[in-house]
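Before any comments, here is the structure.
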There are 2 protein chains.
Amino acid sequence: MNTNAVFSELNIHLRRAHLLDSIGQLLGWDEQVNLPPDSAAQRAAQHAALAETTHAALSDPRMGELITALETQRETLTLDQQVVVRWARRDYDRATKLPAEFVREKAQQGSRGYHAWAEAKKKADFASYAPVLEKNLELAKREAAYLGHAAFPYDYMIDRHDPGMSAAVIEKLFDELKSGLVPFVREMVGSPIKARTDLMRGFPVERQRDFLREVTEKIGFNYQRGRIDVSLHPFCSGTGADIRMTTRFDADNPLDSLFSSIHETGHGLYEQGLASDQHHTALGQAAGMGVHESQSRLWENQAARSRGFWRFFEPKFRAAFSEQLESVSSDELYLAINAVEPTLIRVDADEVTYNLHIVLRFELEKKLFAGTLAVRDLPKAWNDASQALLGLTPSNDCEGVLQDVHWSDGAFGYFPSYCVGNMMAAQLWYRALTLRPKLEEEFARGDFTWLLSWLRETIHAQGKRLDTLGLVRHATGEELSPKWLLRYLKERYGPLYLR
Amino acid sequence: MNTNAVFSELNIHLRRAHLLDSIGQLLGWDEQVNLPPDSAAQRAAQHAALAETTHAALSDPRMGELITALETQRETLTLDQQVVVRWARRDYDRATKLPAEFVREKAQQGSRGYHAWAEAKKKADFASYAPVLEKNLELAKREAAYLGHAAFPYDYMIDRHDPGMSAAVIEKLFDELKSGLVPFVREMVGSPIKARTDLMRGFPVERQRDFLREVTEKIGFNYQRGRIDVSLHPFCSGTGADIRMTTRFDADNPLDSLFSSIHETGHGLYEQGLASDQHHTALGQAAGMGVHESQSRLWENQAARSRGFWRFFEPKFRAAFSEQLESVSSDELYLAINAVEPTLIRVDADEVTYNLHIVLRFELEKKLFAGTLAVRDLPKAWNDASQALLGLTPSNDCEGVLQDVHWSDGAFGYFPSYCVGNMMAAQLWYRALTLRPKLEEEFARGDFTWLLSWLRETIHAQGKRLDTLGLVRHATGEELSPKWLLRYLKERYGPLYLR
């Protein structure tokens, strides 16, 4: 068979695996959005049956043969074909190199771990949770070893979420970020200026829904190929052909719903911008979690909390909620949109302090994997780091080491992507402002097309051709650096709080 | 391997096939309820990928071996195990006896046929559609032959939808029904009394939604294991663990929405009443379309159009829509609920004349399969039958032979089940009244539990152990007969229209 015939056959296999995976995503979305309360057992069984089928498609020996055949003819492949084959290899190895017994053990441990965490959190009892964490660490190291990364298991965990990224790269970035951010947060905390988010009360949900629909559509989400619904925690799933976003509503916290919708819209815009005929290959798939987060954060923060954005949307917001906003001044509204208040809890954190929560987790994960921190010493290490970074010490482990679900099912190396995304978003923002100095004036006129077009071209259209660092280089001409995020936070928040 | 081990392994295969099928149902539901407009191509591809997987599960050679092994040890099986094996054999044969080439040809023809029908209907041009019908007839006969029913292909088509039923049995039932119904319809048409459905205007959709939720919950639908949403055409899908019903709303036609919801609730109650641990075997699956329709019709018609039912719900209905119903008397309301008006169009037909639409289609299908009617002569045969049965002649083929989509993709033998369901519903109703003479008084107090419990026990709990005729015998102690439907229609509609 000639190369193109082999490549075509590989595409058929990839397409099938992708379609089955996309069905799994729909099952997951439906579970969060529509599932009747007593139907969870059947949904779990459906997930399991489909996962088995998807795994069989991903690990089909014929797929392995095709990939190997193409690898041996590498010089005859186009560059794009090489990208497809490289990623097909990676996915195939991940589907085939883990022994079935290990996969089962990990799945069981994940479920056990979740319940142990929930129990421990209820009782603020870290001791009962420690063995779970130890087991999860061990499984993560074994998984890394199966995939050929025994020497650097934490790098493997990071790369799983953010391909091409490593602990050493992140450490350097985070150290620089930390040294600029910690003193800035100290200054902010000392400010007498406080945002009055409590002024926002009684916003009817129906009108919130209409308003966020208008906003997300205006910035470019294509509702002909996606929708937004309600779930307990906002998320975005699906592929570019059918993006399902969710949000949640609180009559007394309309900004939460609005900004989390814009965040998910950022994810959705990325997916909708991927090559629509290549969703089954690396050419039409997102580069990784860090890049994904850069897109959601760029829209949520740099764009949607900007003055220009609100020059356009404030009149519309006031028209929709005239009574509720009657006694809220423009300055009060803008300050509430950019509220900063350090908290012990990551998911409640504002844009400024959020990054320190991530730095904290990264540093602890790194030490856990290096063996320089024992699981039993984690609570104290967490509390010390919390005081050093945030100036706050948890009063119990629920406010500290037990707050996140991630580690309970072994999702190590996941947190850093959030902060990588924030750094990348800020760097993209300044690059955009350099290329388009009047961008915010365009926002003020309700024109958001340039930013999206530029992201489509420089980021979305690339698929996985470039990794996080490569995409930053490609889009901005410079290496990824935290200086842009620091600059952005100081330029946005300094004038509001340190005036 | 001993019988129980073989039987257990068969169950594993059946369960897997059932789960994959249930995922397909969810894809179908989501397509009708949620799919963004431009995501149809991806959904079609998802359906195809899943169908391939489901078919592979249904036709797994191991499944065949297990069934054969159990068939050879039939005497060691319990009666229930025999039921499971008998139906597993039937499903396995249907999955394996059709050559892949034929399945492809039929799928292509189905899609082509639909478009040809839509085109022909637009232009009222039967001639362009005739070759499609001829091809569909030929395919149906070939399919019957592959399954070993070359001699009686129409019986095969009927049995596919309503197991155990045959053209000869239906012909006898329909002839008796017809001879009683045609003169009764003539009488009704001559009545000067007309229902005033036009009085019902401006019913807010939100309140319609609340009201039908109350009604459907009250008669027993378990919303912990199901939901109701909106789609273009109402339907009910899913399995007992997660039933998805739909309805549609029209502010000027609240009874349409209400009764179609009750109809779908009847289907849903049946599914929810099937043995919940046996949805993957014949022990926990519906007996067929005729029985399914008996459940939906019994609730929609005999129960929900009864005086007792409205003694309970009329005050609630008036409370919800006090303005809209201000000038509508109780008699006018009850007459609107039981409106009769012959029409040429089946889907618009009332409960009395609907059955004649079915008789018409059955008689034509029978002749088409027997070869005593040529496709080209179908329009005239349709119009003649319409005049004879309904007293109405179509002014063009859109109002006649082109009105239904069913034949366009080869769904012959499907129509009779509707009328079988109507006959069975009426027969069940009179049996229920014999066992529980004060049933309507219980309805009037808002107590619908007895009827559902009785159906659960006599019909739902049986799964596929008995077929349509067997279930009627089991539940009523008599053979299926149209006399109950005739009696019911006369007793319900006579006093309203022929007084």
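Ordered as shown in the structure tokens, chains take letters A, B, and onward, while each chain numbers its residues from 1 and ligands are numbered from 1 in the order shown.
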Using only C-alpha atoms, find each residue of chain A with at least one atom at most 6 Å away from an atom of chain B; report its shortest atom-to-atom pair and that distance in Å (one decimal), sort the rows by chain and rising residue number, and return the result as CSV.
```
residue,atom,partner,partner_atom,distance
A:Leu19,CA,B:Gln46,CA,5.5
A:Pro36,CA,B:Arg225,CA,5.2
A:Pro37,CA,B:Gln224,CA,5.2
A:Asp38,CA,B:Gln224,CA,5.3
A:Ser39,CA,B:Ala241,CA,5.5
A:Gln46,CA,B:Leu19,CA,5.5
A:Gln224,CA,B:Pro37,CA,5.2
A:Arg225,CA,B:Pro36,CA,5.2
A:Gly226,CA,B:Pro36,CA,5.6
A:Ala241,CA,B:Ser39,CA,5.5
A:Asp242,CA,B:Ser39,CA,5.6
```
Quick one: residues within 7 Å of region 471-478 of chain A, only C-alpha atoms counted, chain neighbours fewer than 3 positions away excluded, as number ranges by chain?
-> A: 424, 428, 431, 458-459, 466-468
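Summary of the local environment: counting only C-alpha atoms, residues at most 10 Å from Tyr146 (chain B), other than itself and those fewer than 4 positions away along its chain, are Asp93, Arg94, Thr96, Lys97, Leu98, Pro99, Phe102, Ala140, Lys141, Arg142 and Ala150 of chain B.
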Quick one: residues within 8 Å of region 418-423 of chain A, only C-alpha atoms counted, chain neighbours fewer than 5 positions away excluded, as a VMD selection string?
-> chain A and resid 170 289 to 295 297 to 298 355 358 to 359 480 to 482 484 to 485
Atoms kept (all heavy atoms) for selection, written as a tab-separated table (two decimals), in the first residue's frame:
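File selection.tsv, as written:
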```tsv
chain	number	residue	atom	x	y	z
A	170	ILE	N	7.95	25.14	34.07
A	170	ILE	CA	6.92	25.76	34.89
A	170	ILE	C	7.53	26.39	36.14
A	170	ILE	O	7.16	27.51	36.54
A	170	ILE	CB	5.82	24.74	35.26
A	170	ILE	CG1	5.01	24.39	34.01
A	170	ILE	CG2	4.91	25.27	36.35
A	170	ILE	CD1	4.03	23.27	34.19
A	289	MET	N	-4.41	21.71	27.57
A	289	MET	CA	-5.21	22.43	28.56
A	289	MET	C	-4.72	23.84	28.81
A	289	MET	O	-5.51	24.75	29.06
A	289	MET	CB	-5.19	21.65	29.87
A	289	MET	CG	-6.56	21.28	30.37
A	289	MET	SD	-6.49	21.04	32.15
A	289	MET	CE	-6.64	22.72	32.75
A	290	GLY	N	-3.39	24.04	28.77
A	290	GLY	CA	-2.86	25.38	28.99
A	290	GLY	C	-3.37	26.35	27.93
A	290	GLY	O	-3.84	27.45	28.24
A	291	VAL	N	-3.29	25.93	26.68
A	291	VAL	CA	-3.75	26.79	25.58
A	291	VAL	C	-5.26	27.00	25.68
A	291	VAL	O	-5.76	28.11	25.49
A	291	VAL	CB	-3.36	26.17	24.22
A	291	VAL	CG1	-3.86	27.07	23.09
A	291	VAL	CG2	-1.85	25.98	24.12
A	292	HIS	N	-5.97	25.92	26.01
A	292	HIS	CA	-7.43	26.05	26.14
A	292	HIS	C	-7.75	27.12	27.18
A	292	HIS	O	-8.62	27.99	26.99
A	292	HIS	CB	-8.05	24.71	26.55
A	292	HIS	CG	-9.14	24.27	25.63
A	292	HIS	ND1	-10.21	25.07	25.32
A	292	HIS	CD2	-9.31	23.12	24.92
A	292	HIS	CE1	-11.01	24.42	24.48
A	292	HIS	NE2	-10.49	23.24	24.21
A	293	GLU	N	-7.05	27.03	28.29
A	293	GLU	CA	-7.30	27.98	29.37
A	293	GLU	C	-6.90	29.40	28.95
A	293	GLU	O	-7.53	30.37	29.38
A	293	GLU	CB	-6.53	27.53	30.62
A	293	GLU	CG	-7.11	27.97	31.92
A	293	GLU	CD	-8.51	27.46	32.22
A	293	GLU	OE1	-8.98	26.49	31.59
A	293	GLU	OE2	-9.17	28.08	33.09
A	294	SER	N	-5.90	29.52	28.11
A	294	SER	CA	-5.52	30.87	27.65
A	294	SER	C	-6.68	31.50	26.87
A	294	SER	O	-6.92	32.70	26.97
A	294	SER	CB	-4.27	30.81	26.77
A	294	SER	OG	-4.57	30.38	25.44
A	295	GLN	N	-7.40	30.68	26.13
A	295	GLN	CA	-8.51	31.22	25.34
A	295	GLN	C	-9.68	31.61	26.23
A	295	GLN	O	-10.31	32.65	26.04
A	295	GLN	CB	-8.94	30.18	24.30
A	295	GLN	CG	-7.84	29.77	23.35
A	295	GLN	CD	-7.24	30.97	22.62
A	295	GLN	OE1	-7.91	31.62	21.82
A	295	GLN	NE2	-6.00	31.31	22.93
A	297	ARG	N	-9.57	32.36	29.44
A	297	ARG	CA	-9.19	33.48	30.32
A	297	ARG	C	-9.08	34.79	29.55
A	297	ARG	O	-9.43	35.84	30.08
A	297	ARG	CB	-7.85	33.17	31.00
A	297	ARG	CG	-7.91	32.00	31.94
A	297	ARG	CD	-8.85	32.25	33.10
A	297	ARG	NE	-8.66	31.20	34.09
A	297	ARG	CZ	-9.06	31.29	35.35
A	297	ARG	NH1	-9.71	32.36	35.78
A	297	ARG	NH2	-8.85	30.30	36.18
A	298	LEU	N	-8.53	34.72	28.35
A	298	LEU	CA	-8.39	35.94	27.55
A	298	LEU	C	-9.75	36.61	27.34
A	298	LEU	O	-9.90	37.82	27.50
A	298	LEU	CB	-7.75	35.57	26.20
A	298	LEU	CG	-7.55	36.67	25.16
A	298	LEU	CD1	-6.85	37.89	25.75
A	298	LEU	CD2	-6.73	36.12	23.99
A	355	ASN	N	-3.64	32.90	40.75
A	355	ASN	CA	-2.37	32.32	40.32
A	355	ASN	C	-1.53	31.82	41.50
A	355	ASN	O	-0.79	30.85	41.36
A	355	ASN	CB	-1.59	33.37	39.52
A	355	ASN	CG	-2.40	33.80	38.30
A	355	ASN	OD1	-2.56	33.04	37.36
A	355	ASN	ND2	-2.96	35.01	38.35
A	358	ILE	N	-2.44	28.40	42.48
A	358	ILE	CA	-1.87	27.40	41.55
A	358	ILE	C	-0.39	27.17	41.87
A	358	ILE	O	0.07	26.02	41.90
A	358	ILE	CB	-2.03	27.88	40.09
A	358	ILE	CG1	-3.51	28.02	39.75
A	358	ILE	CG2	-1.33	26.93	39.14
A	358	ILE	CD1	-4.33	26.76	39.96
A	359	VAL	N	0.33	28.24	42.10
A	359	VAL	CA	1.75	28.11	42.45
A	359	VAL	C	1.90	27.20	43.67
A	359	VAL	O	2.73	26.29	43.70
A	359	VAL	CB	2.37	29.50	42.71
A	359	VAL	CG1	3.76	29.36	43.32
A	359	VAL	CG2	2.42	30.31	41.41
A	480	LEU	N	7.23	32.35	26.13
A	480	LEU	CA	6.25	32.55	27.20
A	480	LEU	C	6.93	33.15	28.41
A	480	LEU	O	7.98	32.68	28.84
A	480	LEU	CB	5.62	31.20	27.58
A	480	LEU	CG	4.59	31.23	28.72
A	480	LEU	CD1	3.36	32.06	28.34
A	480	LEU	CD2	4.14	29.81	29.10
A	481	SER	N	6.32	34.20	28.95
A	481	SER	CA	6.91	34.87	30.11
A	481	SER	C	5.79	35.38	31.02
A	481	SER	O	4.75	35.83	30.54
A	481	SER	CB	7.76	36.06	29.65
A	481	SER	OG	7.96	36.96	30.73
A	482	PRO	N	6.03	35.34	32.34
A	482	PRO	CA	5.02	35.84	33.27
A	482	PRO	C	4.95	37.36	33.32
A	482	PRO	O	4.06	37.92	33.95
A	482	PRO	CB	5.45	35.27	34.62
A	482	PRO	CG	6.88	34.96	34.48
A	482	PRO	CD	7.19	34.75	33.04
A	484	TRP	N	4.06	39.53	31.27
A	484	TRP	CA	2.84	40.11	30.69
A	484	TRP	C	1.66	40.00	31.65
A	484	TRP	O	0.87	40.92	31.77
A	484	TRP	CB	2.53	39.44	29.36
A	484	TRP	CG	3.69	39.46	28.42
A	484	TRP	CD1	4.55	38.45	28.14
A	484	TRP	CD2	4.17	40.61	27.70
A	484	TRP	NE1	5.52	38.86	27.27
A	484	TRP	CE2	5.30	40.18	26.97
A	484	TRP	CE3	3.73	41.94	27.59
A	484	TRP	CZ2	6.02	41.04	26.15
A	484	TRP	CZ3	4.44	42.79	26.76
A	484	TRP	CH2	5.57	42.36	26.05
A	485	LEU	N	1.60	38.87	32.31
A	485	LEU	CA	0.52	38.71	33.28
A	485	LEU	C	0.71	39.69	34.44
A	485	LEU	O	-0.26	40.34	34.88
A	485	LEU	CB	0.49	37.26	33.81
A	485	LEU	CG	-0.57	36.95	34.88
A	485	LEU	CD1	-1.98	37.26	34.38
A	485	LEU	CD2	-0.50	35.49	35.32
```
Residues near Leu378 (chain B), anyone? I mean within 10 Å using only C-alpha atoms, not counting same-chain ones fewer than 5 positions away, as an mmCIF file with N, CA and C atoms, in the first residue's frame.
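around22.cif was written with the following content:
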```cif
data_model
loop_
_atom_site.group_PDB
_atom_site.id
_atom_site.type_symbol
_atom_site.label_atom_id
_atom_site.label_comp_id
_atom_site.auth_asym_id
_atom_site.auth_seq_id
_atom_site.Cartn_x
_atom_site.Cartn_y
_atom_site.Cartn_z
ATOM 1 N N PHE B 126 -47.596 11.800 -7.603
ATOM 2 C CA PHE B 126 -47.427 10.406 -7.210
ATOM 3 C C PHE B 126 -46.540 9.626 -8.179
ATOM 4 N N ALA B 130 -43.835 6.586 -7.360
ATOM 5 C CA ALA B 130 -44.227 5.186 -7.567
ATOM 6 C C ALA B 130 -43.030 4.230 -7.661
ATOM 7 N N LEU B 364 -54.904 -1.720 1.794
ATOM 8 C CA LEU B 364 -54.068 -1.441 0.628
ATOM 9 C C LEU B 364 -52.720 -2.173 0.726
ATOM 10 N N GLU B 365 -52.130 -2.163 1.902
ATOM 11 C CA GLU B 365 -50.842 -2.859 2.085
ATOM 12 C C GLU B 365 -51.000 -4.347 1.761
ATOM 13 N N LYS B 367 -53.099 -5.796 -0.182
ATOM 14 C CA LYS B 367 -53.213 -6.032 -1.629
ATOM 15 C C LYS B 367 -51.887 -5.800 -2.349
ATOM 16 N N LEU B 368 -51.149 -4.819 -1.908
ATOM 17 C CA LEU B 368 -49.842 -4.565 -2.537
ATOM 18 C C LEU B 368 -48.943 -5.784 -2.393
ATOM 19 N N LEU B 373 -52.919 -5.511 -6.198
ATOM 20 C CA LEU B 373 -53.000 -4.072 -6.468
ATOM 21 C C LEU B 373 -51.620 -3.614 -6.930
ATOM 22 N N ASN B 383 -58.292 6.660 -2.935
ATOM 23 C CA ASN B 383 -59.415 7.599 -2.948
ATOM 24 C C ASN B 383 -60.758 6.875 -2.844
ATOM 25 N N ASP B 384 -60.861 5.744 -3.522
ATOM 26 C CA ASP B 384 -62.101 4.962 -3.451
ATOM 27 C C ASP B 384 -62.349 4.493 -2.009
ATOM 28 N N GLY B 400 -54.185 12.341 0.067
ATOM 29 C CA GLY B 400 -54.470 10.914 -0.024
ATOM 30 C C GLY B 400 -53.211 10.112 0.176
ATOM 31 N N VAL B 401 -52.828 9.422 -0.859
ATOM 32 C CA VAL B 401 -51.772 8.412 -0.773
ATOM 33 C C VAL B 401 -50.405 8.989 -0.399
#
```
Using DSSP on the backbone coordinates, identify all residues within region 100-167 of chain A classified as alpha helix (DSSP H); present the result as a count of residues only.
-> 55
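In this structure, CA of Glu457 (chain B) sits 23.1 Å away from CA of His161 (chain B).
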Can you tell me, as a ChimeraX atom specification, what residues are no more than 9 Å from Gln109 (chain A) when counting only C-alpha atoms, ignoring any on the same chain fewer than 6 positions away?
-> /A:132,135-136,408-410
Output N, CA and C atoms for every residue in that selection, as a short mmCIF file (atom, residue, chain, number, x, y, z; two decimals), in the first residue's frame.
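Contents of result_16.cif, as written:
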```
data_model
loop_
_atom_site.label_atom_id
_atom_site.label_comp_id
_atom_site.auth_asym_id
_atom_site.auth_seq_id
_atom_site.Cartn_x
_atom_site.Cartn_y
_atom_site.Cartn_z
N VAL A 132 -5.01 7.23 50.61
CA VAL A 132 -5.52 7.35 49.24
C VAL A 132 -4.53 8.14 48.39
N LYS A 135 -1.49 6.10 47.63
CA LYS A 135 -1.79 5.12 46.58
C LYS A 135 -1.86 5.82 45.21
N ASN A 136 -2.49 6.98 45.16
CA ASN A 136 -2.62 7.70 43.89
C ASN A 136 -1.26 8.12 43.34
N SER A 408 -7.83 13.46 44.40
CA SER A 408 -8.52 12.27 44.91
C SER A 408 -8.63 11.19 43.84
N ASP A 409 -8.67 11.58 42.58
CA ASP A 409 -8.66 10.53 41.55
C ASP A 409 -7.39 10.59 40.71
N GLY A 410 -6.34 11.16 41.32
CA GLY A 410 -5.02 11.07 40.68
C GLY A 410 -4.73 12.11 39.61
#
```
Test item: residues at most 12 Å from Val205 (chain B), only C-alpha atoms, excluding those fewer than 5 positions along its chain, as a list in words = Asp210, Phe211, Leu212, Val230, Thr247, Arg248, Phe249, Asp250, Ala251, Asp252, Asn253, Pro254, Leu255, Ser257, Leu258, Ala320 and Phe321 of chain B
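Take the candidates A:Thr197, A:Ser453, A:Ser417, A:Gln81 and check each one against Ser166 (chain A) using only C-alpha atoms; the shortest distance goes to A:Ser417.
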Grab the CA of Gln272 (chain B) to CA of Trp29 (chain B) distance for me, in Å with one decimal place.
-> 17.2 Å
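Here CA of Leu356 (chain A) stands at a distance of 25.8 Å from CA of Leu333 (chain A).
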